[in-house]
Structure formats: structure tokens, C-alpha cells
>>> print(open('protein.txt').read())   # compact mmCIF, C-alpha atoms
# COMPACT_ATOMS: atom_id res chain seq x y z
CA MET A 1 -0.28 10.17 -9.06
CA GLU A 2 -0.44 8.94 -12.65
CA PHE A 3 2.25 6.56 -13.89
CA LEU A 4 3.23 6.34 -17.55
CA HIS A 5 5.82 4.55 -19.68
CA ALA A 6 8.04 7.11 -21.46
CA PRO A 7 9.70 5.84 -24.65
CA ASN A 8 11.82 9.05 -24.61
CA LEU A 9 12.13 9.97 -20.94
CA ASP A 10 14.05 13.22 -21.45
CA ALA A 11 11.68 14.56 -24.12
CA MET A 12 8.53 13.69 -22.14
CA THR A 13 10.01 15.21 -18.98
CA ARG A 14 10.86 18.46 -20.81
CA PHE A 15 7.35 18.59 -22.28
CA TYR A 16 5.66 18.43 -18.87
CA GLN A 17 8.15 20.91 -17.40
CA LEU A 18 7.57 23.43 -20.19
CA ALA A 19 3.82 22.88 -20.69
CA LEU A 20 2.81 22.66 -17.03
CA GLY A 21 5.76 24.12 -15.17
CA ALA A 22 6.22 20.77 -13.43
CA GLU A 23 9.02 20.37 -10.89
CA LEU A 24 11.33 17.36 -11.36
CA GLY A 25 12.36 14.80 -8.79
CA ALA A 26 14.24 11.76 -10.15
CA ALA A 27 14.17 8.34 -8.56
CA ASP A 28 14.98 4.70 -9.17
CA LEU A 29 12.28 2.10 -8.60
CA ALA A 30 13.16 -1.59 -8.83
CA GLY A 31 16.08 -0.76 -11.14
CA VAL A 32 14.01 1.45 -13.45
CA LYS A 33 14.74 5.18 -13.81
CA VAL A 34 11.67 7.24 -12.87
CA ASN A 35 11.17 10.97 -13.25
CA ARG A 36 8.59 12.20 -10.75
CA LEU A 37 6.96 15.46 -11.75
CA ARG A 38 4.74 17.70 -9.65
CA ALA A 39 2.56 20.55 -10.91
CA GLY A 40 0.63 22.02 -8.01
CA GLU A 41 -1.30 19.19 -6.34
CA THR A 42 -0.95 16.86 -9.34
CA GLY A 43 1.85 14.30 -9.70
CA LEU A 44 3.12 12.25 -12.62
CA GLY A 45 5.65 9.43 -12.63
CA LEU A 46 7.41 8.78 -15.96
CA PHE A 47 9.10 5.39 -16.22
CA ASP A 48 12.03 5.06 -18.65
CA ALA A 49 10.72 2.72 -21.36
CA SER A 50 13.42 3.46 -23.95
CA GLU A 51 14.33 -0.23 -24.14
CA LYS A 52 11.12 -1.93 -23.00
CA GLN A 53 7.96 -1.48 -20.98
CA PHE A 54 8.16 -2.95 -17.50
CA THR A 55 5.52 -5.27 -16.10
CA GLY A 56 6.16 -3.98 -12.57
CA VAL A 57 5.00 -0.44 -13.39
CA PRO A 58 2.02 0.36 -11.16
CA HIS A 59 -1.22 1.12 -12.95
CA ILE A 60 -3.06 3.14 -10.31
CA THR A 61 -4.27 6.67 -10.83
CA ARG A 62 -4.73 8.98 -7.87
CA SER A 63 -6.95 11.92 -8.59
CA THR A 64 -5.89 14.53 -6.06
CA LEU A 65 -8.26 17.05 -7.57
CA MET A 66 -11.23 14.80 -6.88
CA GLY A 67 -9.80 13.49 -3.61
CA ARG A 68 -10.06 9.79 -4.47
CA ALA A 69 -7.98 6.94 -5.84
CA THR A 70 -9.22 5.15 -8.94
CA PRO A 71 -7.79 1.75 -9.96
CA LYS A 72 -6.83 1.39 -13.64
CA ASN A 73 -6.76 -2.04 -15.25
>>> encode(input="protein.txt", output="C-alpha cells")
Amino acid sequence: MEFLHAPNLDAMTRFYQLALGAELGAADLAGVKVNRLRAGETGLGLFDASEKQFTGVPHITRSTLMGRATPKN
């Protein structure tokens, strides 16, 4: 799963829903609103960064298409 900061959470969520047909599942992680999107076997977590970017946002990419996890620094 890829994790991204979303300066406009609603707009980015709509984009991925319309462009990829992603299904939405909302969550709250450590007090931060997160929209989890799934398109087939691929997942994307959008963190609400409308006020600021959060240092606790994980920076790990999981490539389900390739079947491996790749750390991102």
C-alpha cells in the first residue's frame, strides 16, 4: 500500500475514485483522518494534510503487483 499526504483530501479521493474506480474505506490513524482506497489488488492511503504534513505518516510502499515490499526513505 502506498501512503501519501493529501493537501485536499476530498479532491484527491474523488480523483482516484473516478480515474481508477477505487473503493473508499475511511479510517483514523493516530488522530489523523485517512482515506484508504482499493483498486483491484492495489491500495492507497491518503492522509489529510490540509493543515500540515504529519511526521508519523508511514513511508513504506508495498508493491502487490510485484509481490514485494520496498522501503522508501
>>> closest_residue(input="protein.txt", among="A:Leu24, A:Leu18, A:Val32, A:Met12", to="Asp48 (chain A)", atoms="all atoms listed in the file")
A:Val32
>>> residues_around(input="protein.txt", residues="Leu4 (chain A)", least_positions_apart="3", cutoff="8 Å", atoms="all atoms listed in the file", output="VMD selection string")
chain A and resid 44 to 47
>>> closest_residue(input="protein.txt", among="A:Ala39, A:Ser50, A:Lys33, A:Phe3", to="Gln17 (chain A)", atoms="all atoms listed in the file")
A:Ala39
>>> closest_residue(input="protein.txt", among="A:Gln53, A:Ala11, A:Ala6, A:Glu23", to="Leu37 (chain A)", atoms="all atoms listed in the file")
A:Glu23
>>> closest_residue(input="protein.txt", among="A:Asp10, A:Lys52, A:Ala26, A:Leu20", to="Gly40 (chain A)", atoms="only C-alpha atoms")
A:Leu20
>>> closest_residue(input="protein.txt", among="A:Glu51, A:Asp28, A:Glu41, A:Asn35", to="Tyr16 (chain A)", atoms="only C-alpha atoms")
A:Asn35
>>> atom_distance(input="protein.txt", atom1="CA of Ala27 (chain A)", atom2="CA of Leu9 (chain A)")
12.7 Å
>>> atom_distance(input="protein.txt", atom1="CA of Gly21 (chain A)", atom2="CA of Ala49 (chain A)")
22.8 Å
>>> axis_aligned_box(input="protein.txt", around="region 38-56 of chain A", padding_each_side="5 Å", output="lines of an AutoDock Vina configuration file")
center_x = 6.5
center_y = 8.4
center_z = -15.2
size_x = 25.6
size_y = 37.3
size_z = 27.8
>>> residues_around(input="protein.txt", residues="Arg38 (chain A)", least_positions_apart="4", cutoff="6 Å", atoms="all atoms listed in the file", output="NGL selection string")
:A and (22-23 or 42-43)
>>> write_last_selection(input="protein.txt", atoms="C-alpha atoms", output="mmCIF file, in the coordinates of the input")
data_model
loop_
_atom_site.group_PDB
_atom_site.id
_atom_site.type_symbol
_atom_site.label_atom_id
_atom_site.label_comp_id
_atom_site.auth_asym_id
_atom_site.auth_seq_id
_atom_site.Cartn_x
_atom_site.Cartn_y
_atom_site.Cartn_z
ATOM 1 C CA ALA A 22 6.220 20.770 -13.430
ATOM 2 C CA GLU A 23 9.020 20.370 -10.890
ATOM 3 C CA THR A 42 -0.950 16.860 -9.340
ATOM 4 C CA GLY A 43 1.850 14.300 -9.700
#
